[in-house]
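Asks: Contents of model.cif (mmCIF, C-alpha atoms) are below:
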```
data_structure
#
loop_
_atom_site.label_atom_id
_atom_site.label_comp_id
_atom_site.auth_asym_id
_atom_site.auth_seq_id
_atom_site.Cartn_x
_atom_site.Cartn_y
_atom_site.Cartn_z
CA MET A 1 237.86 194.61 208.88
CA ARG A 2 237.72 198.12 207.45
CA ASP A 3 234.52 198.86 209.33
CA ASP A 4 236.19 197.60 212.47
CA THR A 5 238.99 200.07 211.94
CA LEU A 6 236.57 202.97 211.48
CA ILE A 7 234.71 202.01 214.63
CA GLY A 8 238.07 201.71 216.38
CA LEU A 9 238.91 205.27 215.34
CA ILE A 10 235.63 206.47 216.84
CA PHE A 11 236.26 204.61 220.07
CA VAL A 12 239.75 206.06 220.38
CA PHE A 13 239.12 209.66 219.39
CA VAL A 14 235.68 210.49 220.82
CA PRO A 15 236.77 210.04 224.48
CA LEU A 16 240.04 211.84 223.80
CA SER A 17 238.08 214.73 222.26
CA LEU A 18 236.23 215.22 225.53
CA LEU A 19 239.37 214.70 227.60
CA SER A 20 241.56 217.20 225.76
CA ILE A 21 241.19 219.77 228.51
CA GLY A 22 243.58 222.65 228.08
CA GLY A 23 243.99 221.96 224.38
CA GLY A 24 245.11 219.38 221.88
CA SER A 25 248.61 219.01 223.25
CA ALA A 26 247.09 217.41 226.35
CA ILE A 27 246.17 214.26 224.41
CA ILE A 28 249.18 213.73 222.12
CA ALA A 29 250.67 211.17 224.51
CA ALA A 30 247.35 209.35 224.79
CA ILE A 31 246.95 209.27 220.99
CA GLN A 32 250.43 207.78 220.74
CA HIS A 33 249.61 205.15 223.33
CA GLU A 34 246.32 204.15 221.70
CA ALA A 35 247.51 204.17 218.07
CA VAL A 36 250.90 202.53 218.63
CA VAL A 37 250.62 200.34 221.71
CA VAL A 38 246.96 199.42 222.15
CA ARG A 39 245.69 199.27 218.57
CA GLY A 40 248.99 198.75 216.72
CA TRP A 41 247.79 200.89 213.80
CA ILE A 42 251.26 202.37 213.28
CA ASP A 43 254.73 201.90 214.79
CA SER A 44 256.60 204.48 216.89
CA ARG A 45 258.72 205.71 214.01
CA GLU A 46 255.65 206.31 211.86
CA PHE A 47 254.02 208.13 214.76
CA ILE A 48 256.99 210.49 215.07
CA ASN A 49 256.80 211.16 211.32
CA LEU A 50 253.08 211.88 211.46
CA PHE A 51 253.61 214.15 214.47
CA ALA A 52 256.27 216.09 212.54
CA ILE A 53 253.96 216.40 209.52
CA ALA A 54 251.07 217.66 211.66
CA ARG A 55 253.40 220.27 213.15
CA ALA A 56 254.71 221.38 209.76
CA ALA A 57 251.22 221.66 208.27
CA PRO A 58 248.97 224.65 208.92
CA GLY A 59 246.10 224.32 211.38
CA PRO A 60 245.77 222.83 214.86
CA GLY A 61 248.30 220.22 216.00
CA THR A 62 245.54 217.69 216.64
CA MET A 63 245.27 217.18 212.87
CA LEU A 64 247.61 214.36 213.90
CA GLY A 65 244.39 212.39 214.45
CA THR A 66 243.34 213.01 210.85
CA LEU A 67 246.69 211.68 209.67
CA ILE A 68 246.37 208.51 211.72
CA GLY A 69 242.90 207.95 210.27
CA TRP A 70 244.32 208.51 206.80
CA LYS A 71 247.14 206.01 207.42
CA VAL A 72 244.85 203.24 208.66
CA ALA A 73 241.78 203.66 206.45
CA GLY A 74 242.35 206.23 203.70
CA TRP A 75 239.84 209.02 203.05
CA SER A 76 237.04 207.55 205.14
CA GLY A 77 239.48 207.00 208.02
CA ALA A 78 240.69 210.59 207.81
CA LEU A 79 237.12 211.88 207.81
CA VAL A 80 235.94 209.65 210.65
CA ALA A 81 238.98 210.47 212.81
CA THR A 82 238.56 214.20 212.21
CA LEU A 83 234.87 214.17 213.10
CA ALA A 84 235.47 211.95 216.13
CA LEU A 85 238.19 214.27 217.38
CA TYR A 86 236.52 217.65 216.83
CA LEU A 87 232.76 217.13 216.89
CA PRO A 88 232.22 216.08 220.54
CA SER A 89 234.31 218.90 222.03
CA SER A 90 232.78 221.40 219.60
CA LEU A 91 229.23 220.45 220.56
CA LEU A 92 230.13 220.72 224.23
CA CYS A 93 231.68 224.14 223.69
CA TYR A 94 228.60 225.31 221.80
CA GLY A 95 226.32 223.97 224.53
CA VAL A 96 228.22 225.84 227.22
CA LEU A 97 228.02 229.04 225.18
CA LYS A 98 224.27 228.66 224.67
CA ALA A 99 223.75 228.03 228.35
CA THR A 100 225.55 231.23 229.35
CA ASN A 101 224.77 233.56 226.42
CA SER A 102 221.11 233.94 227.35
CA HIS A 103 222.38 235.85 230.38
CA ARG A 104 224.52 238.15 228.29
CA ASP A 105 222.82 241.34 229.45
CA LYS A 106 223.07 240.53 233.13
CA LYS A 107 225.62 242.26 235.29
CA TRP A 108 227.34 239.02 236.32
CA HIS A 109 227.82 238.01 232.70
CA ARG A 110 229.52 241.27 231.93
CA ALA A 111 231.67 240.94 235.03
CA ALA A 112 232.53 237.38 233.99
CA ARG A 113 233.66 238.50 230.56
CA GLU A 114 235.65 241.43 231.95
CA GLY A 115 237.18 239.25 234.64
CA LEU A 116 238.12 236.49 232.22
CA ALA A 117 239.86 238.84 229.79
CA PRO A 118 243.05 239.33 231.86
CA VAL A 119 243.09 235.60 232.62
CA GLY A 120 243.01 234.91 228.86
CA THR A 121 245.87 237.35 228.30
CA GLY A 122 247.88 235.72 231.10
CA LEU A 123 247.30 232.30 229.55
CA VAL A 124 248.62 233.47 226.18
CA ILE A 125 251.75 234.78 227.90
CA ALA A 126 252.08 231.42 229.68
CA GLY A 127 251.67 229.70 226.31
CA VAL A 128 254.44 231.78 224.78
CA ILE A 129 256.72 230.87 227.70
CA ALA A 130 255.89 227.16 227.26
CA ILE A 131 256.49 227.20 223.49
CA PHE A 132 259.78 228.96 224.00
CA ARG A 133 260.88 226.47 226.60
CA LEU A 134 259.98 223.51 224.37
CA SER A 135 261.60 224.87 221.23
CA GLY A 136 264.82 225.99 222.92
CA GLY A 137 264.26 229.38 221.30
CA GLY A 138 267.45 231.23 222.26
CA VAL A 139 268.45 234.64 220.97
CA LEU A 140 267.53 233.87 217.35
CA GLY A 141 264.05 232.70 218.31
CA ALA A 142 263.41 235.69 220.55
CA GLY A 143 264.70 237.98 217.81
CA ILE A 144 262.42 236.49 215.16
CA ALA A 145 259.39 236.51 217.45
CA GLY A 146 260.05 240.11 218.53
CA ALA A 147 260.63 241.30 214.98
CA SER A 148 257.48 239.58 213.77
CA ALA A 149 255.40 241.16 216.55
CA ALA A 150 256.89 244.57 215.73
CA VAL A 151 255.99 244.24 212.04
CA LEU A 152 252.44 243.14 212.89
CA LEU A 153 251.94 246.01 215.33
CA LEU A 154 253.52 248.76 213.24
CA ALA A 155 252.19 247.63 209.84
CA PRO A 156 248.75 246.08 210.47
CA ARG A 157 248.13 245.74 206.73
CA PHE A 158 251.30 243.72 206.13
CA PRO A 159 250.16 240.17 205.24
CA THR A 160 250.52 237.75 208.13
CA LEU A 161 251.65 235.02 205.75
CA ALA A 162 254.53 237.22 204.56
CA VAL A 163 255.61 237.66 208.19
CA LEU A 164 255.81 233.87 208.50
CA GLY A 165 257.74 233.71 205.21
CA LEU A 166 260.32 236.15 206.56
CA GLY A 167 260.50 233.99 209.67
CA ALA A 168 261.25 230.94 207.51
CA ALA A 169 264.13 232.79 205.85
CA ALA A 170 265.54 234.20 209.10
CA PRO A 171 267.47 231.10 210.32
CA PHE A 172 269.36 231.00 207.00
CA VAL A 173 270.20 234.70 207.20
CA GLY A 174 271.26 234.08 210.80
CA GLN A 175 273.64 231.35 209.63
CA LEU A 176 275.25 233.79 207.17
CA ILE A 177 275.86 236.38 209.89
CA VAL A 178 276.95 233.94 212.61
CA PRO A 179 278.33 230.86 210.82
CA MET B 1 230.15 244.89 223.71
CA THR B 2 232.00 245.06 227.01
CA ALA B 3 233.57 248.48 226.60
CA ASN B 4 231.68 251.72 226.30
CA PRO B 5 232.38 253.80 223.18
CA GLN B 6 234.84 256.15 224.87
CA GLU B 7 236.93 253.27 226.11
CA ALA B 8 236.92 251.61 222.73
CA ALA B 9 238.01 254.81 221.05
CA GLY B 10 240.69 255.32 223.68
CA SER B 11 242.21 251.91 223.04
CA GLY B 12 243.29 253.09 219.59
CA GLY B 13 242.49 249.64 218.26
CA ALA B 14 240.00 248.14 215.89
CA ALA B 15 236.62 249.74 215.37
CA ALA B 16 234.32 249.06 218.32
CA ALA B 17 231.50 247.21 216.63
CA ALA B 18 231.77 246.70 212.91
CA ALA B 19 228.74 245.10 211.28
CA ALA B 20 228.62 241.33 211.68
CA PRO B 21 230.14 239.62 208.63
CA SER B 22 228.18 237.52 206.17
CA LEU B 23 228.49 233.76 206.60
CA PHE B 24 230.53 233.65 203.41
CA ALA B 25 232.97 236.30 204.65
CA LEU B 26 233.30 234.38 207.92
CA PHE B 27 233.95 231.17 205.97
CA LEU B 28 236.59 232.81 203.80
CA VAL B 29 238.50 234.27 206.73
CA CYS B 30 238.47 230.94 208.58
CA LEU B 31 239.53 229.11 205.41
CA LYS B 32 242.42 231.51 204.93
CA ILE B 33 243.61 231.13 208.52
CA GLY B 34 243.31 227.35 208.34
CA MET B 35 245.32 227.13 205.14
CA PHE B 36 248.07 229.61 205.96
CA SER B 37 248.64 229.26 209.70
CA PHE B 38 251.98 227.48 209.45
CA GLY B 39 254.01 227.15 212.61
CA GLY B 40 251.21 227.39 215.16
CA GLY B 41 250.15 230.61 216.89
CA LEU B 42 246.63 230.13 215.57
CA SER B 43 244.96 232.24 218.21
CA GLY B 44 247.29 235.01 217.04
CA TRP B 45 245.98 234.61 213.51
CA LEU B 46 242.42 234.69 214.76
CA HIS B 47 243.16 237.86 216.75
CA GLN B 48 244.85 239.43 213.74
CA GLU B 49 241.85 238.80 211.47
CA PHE B 50 238.79 238.97 213.74
CA VAL B 51 239.92 241.81 216.01
CA ARG B 52 242.52 243.90 214.25
CA ARG B 53 241.81 243.56 210.54
CA HIS B 54 238.02 243.25 210.44
CA GLY B 55 236.99 244.67 213.81
CA TRP B 56 234.31 242.00 214.23
CA ILE B 57 235.26 241.18 217.82
CA GLU B 58 236.52 243.48 220.56
CA ASP B 59 239.83 242.88 222.31
CA ASP B 60 238.24 242.23 225.71
CA ASP B 61 235.68 239.84 224.24
CA PHE B 62 238.44 238.04 222.38
CA ALA B 63 240.52 237.59 225.52
CA SER B 64 237.60 236.35 227.64
CA LEU B 65 236.42 233.97 224.90
CA LEU B 66 239.99 232.71 224.67
CA ALA B 67 239.99 231.93 228.39
CA ILE B 68 236.72 229.99 228.01
CA ALA B 69 238.02 228.19 224.91
CA GLN B 70 241.11 227.08 226.82
CA MET B 71 239.14 225.80 229.79
CA LEU B 72 236.85 223.54 227.77
CA PRO B 73 238.08 220.29 226.23
CA GLY B 74 238.97 220.36 222.56
CA ALA B 75 241.53 222.21 220.47
CA ASN B 76 241.60 225.74 221.91
CA VAL B 77 241.52 227.45 218.55
CA VAL B 78 238.59 225.36 217.30
CA ASN B 79 236.67 226.30 220.44
CA LEU B 80 237.64 229.92 219.90
CA VAL B 81 236.30 229.81 216.33
CA ILE B 82 233.05 228.36 217.68
CA CYS B 83 232.77 231.11 220.31
CA MET B 84 233.43 233.91 217.84
CA GLY B 85 231.36 232.36 215.04
CA ASP B 86 228.45 232.02 217.44
CA GLN B 87 228.80 235.57 218.71
CA LEU B 88 228.81 236.92 215.15
CA ARG B 89 226.32 234.70 213.34
CA GLY B 90 224.84 232.20 215.78
CA ALA B 91 224.90 228.44 215.26
CA ALA B 92 225.43 228.73 211.49
CA GLY B 93 228.38 231.03 212.09
CA ALA B 94 229.96 228.57 214.51
CA ALA B 95 229.45 225.60 212.17
CA ILE B 96 230.64 227.35 209.01
CA GLY B 97 233.58 228.89 210.85
CA VAL B 98 234.81 225.51 212.10
CA PHE B 99 234.26 223.88 208.72
CA GLY B 100 236.21 226.61 206.93
CA PHE B 101 238.89 226.50 209.59
CA LEU B 102 239.49 222.73 209.40
CA VAL B 103 239.02 221.89 205.71
CA GLY B 104 242.35 223.44 204.65
CA PRO B 105 244.49 221.69 207.29
CA PHE B 106 242.60 218.44 206.63
CA LEU B 107 243.73 218.42 203.00
CA ALA B 108 247.14 219.88 203.85
CA VAL B 109 248.19 217.13 206.28
CA ILE B 110 247.14 214.44 203.81
CA ALA B 111 249.00 216.15 200.95
CA LEU B 112 252.09 216.59 203.13
CA SER B 113 252.05 213.00 204.31
CA THR B 114 251.81 211.84 200.69
CA ALA B 115 254.77 214.03 199.77
CA PHE B 116 256.76 213.20 202.92
CA ASP B 117 258.22 209.90 201.70
CA ARG B 118 259.71 211.62 198.66
CA LEU B 119 261.56 214.35 200.53
CA PRO B 120 265.30 213.52 200.40
CA ASP B 121 266.61 215.93 203.04
CA VAL B 122 264.57 217.46 205.79
CA ALA B 123 267.32 219.46 207.55
CA ALA B 124 266.62 222.65 205.59
CA LEU B 125 262.90 222.12 206.06
CA GLU B 126 263.49 221.77 209.80
CA ALA B 127 265.36 225.08 210.04
CA ALA B 128 262.74 226.87 207.96
CA SER B 129 259.83 225.54 209.99
CA GLN B 130 261.63 226.55 213.19
CA GLY B 131 261.84 230.08 211.82
CA VAL B 132 258.13 230.02 210.93
CA ALA B 133 257.29 228.81 214.42
CA PHE B 134 259.19 231.71 216.01
CA ALA B 135 257.50 234.20 213.70
CA ALA B 136 254.18 232.66 214.75
CA ILE B 137 255.10 233.38 218.37
CA GLY B 138 255.18 237.01 217.27
CA LEU B 139 251.45 236.69 216.50
CA LEU B 140 250.86 235.62 220.09
CA LEU B 141 253.02 238.45 221.42
CA VAL B 142 250.64 240.88 219.75
CA ILE B 143 247.75 239.43 221.79
CA CYS B 144 249.88 239.70 224.95
CA LEU B 145 250.75 243.33 224.29
CA ARG B 146 247.19 244.34 223.45
CA GLY B 147 245.87 242.50 226.48
CA VAL B 148 248.38 244.11 228.83
CA GLN B 149 247.67 247.49 227.29
CA ARG B 150 243.95 247.13 227.98
CA ALA B 151 244.57 245.72 231.44
CA THR B 152 246.47 248.87 232.45
CA ARG B 153 243.12 250.71 232.53
CA PHE B 154 242.30 248.69 235.62
CA PRO B 155 245.45 247.89 237.67
CA PRO B 156 244.04 244.81 239.45
CA GLY B 157 243.52 243.34 235.95
CA LEU B 158 247.22 243.79 235.34
CA VAL B 159 247.94 241.82 238.50
CA VAL B 160 245.63 239.04 237.25
CA VAL B 161 247.55 238.91 233.94
CA ALA B 162 250.86 238.67 235.80
CA VAL B 163 249.70 236.07 238.33
CA THR B 164 248.20 233.87 235.58
CA ALA B 165 251.32 234.10 233.45
CA ILE B 166 253.63 233.34 236.39
CA CYS B 167 251.62 230.44 237.82
CA VAL B 168 250.87 228.66 234.53
CA GLY B 169 253.87 229.78 232.47
CA LEU B 170 256.83 229.98 234.85
CA LEU B 171 255.76 227.76 237.76
CA ARG B 172 254.02 225.33 235.36
CA TRP B 173 250.98 224.82 237.54
CA PRO B 174 248.30 222.78 235.75
CA LEU B 175 246.10 225.12 233.74
CA ILE B 176 242.64 224.06 234.86
CA PRO B 177 243.02 224.28 238.66
CA ALA B 178 245.04 227.48 238.34
CA VAL B 179 242.32 229.11 236.25
CA LEU B 180 239.60 227.78 238.56
CA VAL B 181 241.25 229.70 241.41
CA ILE B 182 242.30 232.86 239.55
CA ALA B 183 239.23 233.39 237.34
CA PRO B 184 236.62 233.72 240.12
CA LEU B 185 238.85 236.23 241.95
CA SER B 186 239.28 238.22 238.75
CA VAL B 187 235.54 238.13 238.04
CA ALA B 188 234.83 239.29 241.60
CA LEU B 189 237.19 242.24 241.07
CA ALA B 190 235.40 243.13 237.83
CA TRP B 191 232.05 242.82 239.62
CA ARG B 192 233.10 245.25 242.38
CA ARG B 193 234.40 247.69 239.80
CA ALA B 194 231.13 247.70 237.84
#
```
Could the structure of this file be written out as structure tokens, please?
Replies:
Amino acid sequence: MRDDTLIGLIFVFVPLSLLSIGGGSAIIAAIQHEAVVVRGWIDSREFINLFAIARAAPGPGTMLGTLIGWKVAGWSGALVATLALYLPSSLLCYGVLKATNSHRDKKWHRAAREGLAPVGTGLVIAGVIAIFRLSGGGVLGAGIAGASAAVLLLAPRFPTLAVLGLGAAAPFVGQLIVP
Amino acid sequence: MTANPQEAAGSGGAAAAAAAPSLFALFLVCLKIGMFSFGGGLSGWLHQEFVRRHGWIEDDDFASLLAIAQMLPGANVVNLVICMGDQLRGAAGAAIGVFGFLVGPFLAVIALSTAFDRLPDVAALEAASQGVAFAAIGLLLVICLRGVQRATRFPPGLVVVAVTAICVGLLRWPLIPAVLVIAPLSVALAWRRA
């Protein structure tokens, strides 16, 4: 029974690992479908809780998979789910790098890296827009994000964690100013 | 390695090519980011540490690796750690980087889920984690600003930044096809410039 569950975790997460094109958020809906509807490991309410926990915790949002493994099969489930979710995509990524890095000194490789840089920057801007849209940021959100960027740019030695701590306090300060 | 020394000095940013870190230093930095990166914005943390604080990776390399990491399946930031770990210390660097990066969150989600049932009121926690998430957006804004700053050296690059941001961010075109169209054009521009 327990072994079946572990194998189930592998069968669910390995394909999703290779399908998570564009990042982990692409497969959240599929994880929900598999874990709740197909396999019945957890119910919808539990899924929402686990999703909230994965968001509140540090690290990538796809640690949601680790949590589901933990819920259904304890430590071994957490470990199996984590490996199943991250190992296949990581090996693929490494393989792609190896295939292209041997050409690092060629002119086209340099052009590729230089040409991809502005695309990467544009994607980060797009990501910021998407996060803002999802979170309903508003003036407070924009203010916190702007202030945090200003601190990071002007005081590069200021600890990043302290910036996040100030961000955590900001909504409460905001409530005092604008009740 | 993309920029020549004059350009790197002109950017006013991190040192051009600091010595590659030891595997242990790489592990520690990834462990730290994994454990403390509350609220998302992980690529911002990676930029902060690898590019700005330690000068291990150049801004342009970071941005292009980020584009590759986003194209491939898998969590973008995990792919990014693999790319940078490999560039710095080869296969061992990639493996140790990812291990360090994931071990903290692995234990953190399990600890949080164990504690979750005992939390009486989550409203305050909600507000606080919203604030953290916005502050984490600030980390990403730093990447945006640095990227735009570097793109101004080559105006067509600036256009590529804007077109990518508008198509994927504002118009919400799917990322992969959009990048498959924009990236080759951008690479062709870089090729002609070289």
Asks: Which residue gives the smallest distance to Ala108 (chain B) among B:Ser37, B:Gln70, B:Ser186, B:Ser22, with all atoms listed in the file counted?
Replies: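 Of the candidates, the smallest distance to Ala108 (chain B) is held by B:Ser37.
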Asks: Just so the selection is clear, what residues does the PyMOL selection byres ((chain A) within 6 of (chain B)) cover here, as JSON, numbers by chain?
Replies: {"A": [17, 18, 19, 20, 21, 22, 23, 24, 57, 58, 59, 89, 111, 112, 113, 115, 116, 117, 118, 119, 120, 121, 122, 123, 125, 126, 129, 141, 144, 145, 146, 148, 149, 164, 167, 168, 171]}
Asks: Set the distance at 9 Å and use only C-alpha atoms: which residues neighbour Trp41 (chain A) once local chain neighbours fewer than 3 positions away are removed? I'd like the list as number ranges by chain.
Replies: A: 34-38, 68, 71-72
Asks: Suppose you want the space between CA of Lys106 (chain A) and CA of Ala92 (chain B); what is it in Å?
Replies: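 Separation of CA of Lys106 (chain A) and CA of Ala92 (chain B): 24.8 Å.
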Asks: Quote the spacing between CA of Ala142 (chain A) and CA of Leu161 (chain A) in Å to one decimal place.
Replies: 18.9 Å
Asks: Can you measure CA of Gly85 (chain B) to CA of Cys30 (chain B) for me? One decimal in Å is fine.
Replies: 9.7 Å
Asks: Do you know which residues are at most 7 Å from Ala54 (chain A) counting all atoms listed in the file, after dropping those on the same chain fewer than 2 positions away, and could you put them as an NGL selection string?
Replies: (:A and (50-52 or 56-57 or 61 or 63-64)) or (:B and (109))
Asks: Let me make sure I understand: among B:Leu88, B:Leu46, B:Ala178, B:Ile57, which one has the smallest atom-to-atom distance to Leu23 (chain B) if we use only C-alpha atoms?
Replies: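 For Leu23 (chain B), the nearest of the candidates is B:Leu88.
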Asks: If the PyMOL selection byres ((chain A and resi 79) around 12) were run on this exact file, what residues would it hold? Put them as an MDAnalysis selection string.
Replies: (chainID A and resid 6 9:10 13 63 65:78 80:87) or (chainID B and resid 102:103 106:107 110)
Asks: Smallest atom-to-atom distance to Ala26 (chain A): which of A:Gln175, A:Thr62, A:Thr100, A:Thr160, using only C-alpha atoms?
Replies: A:Thr62
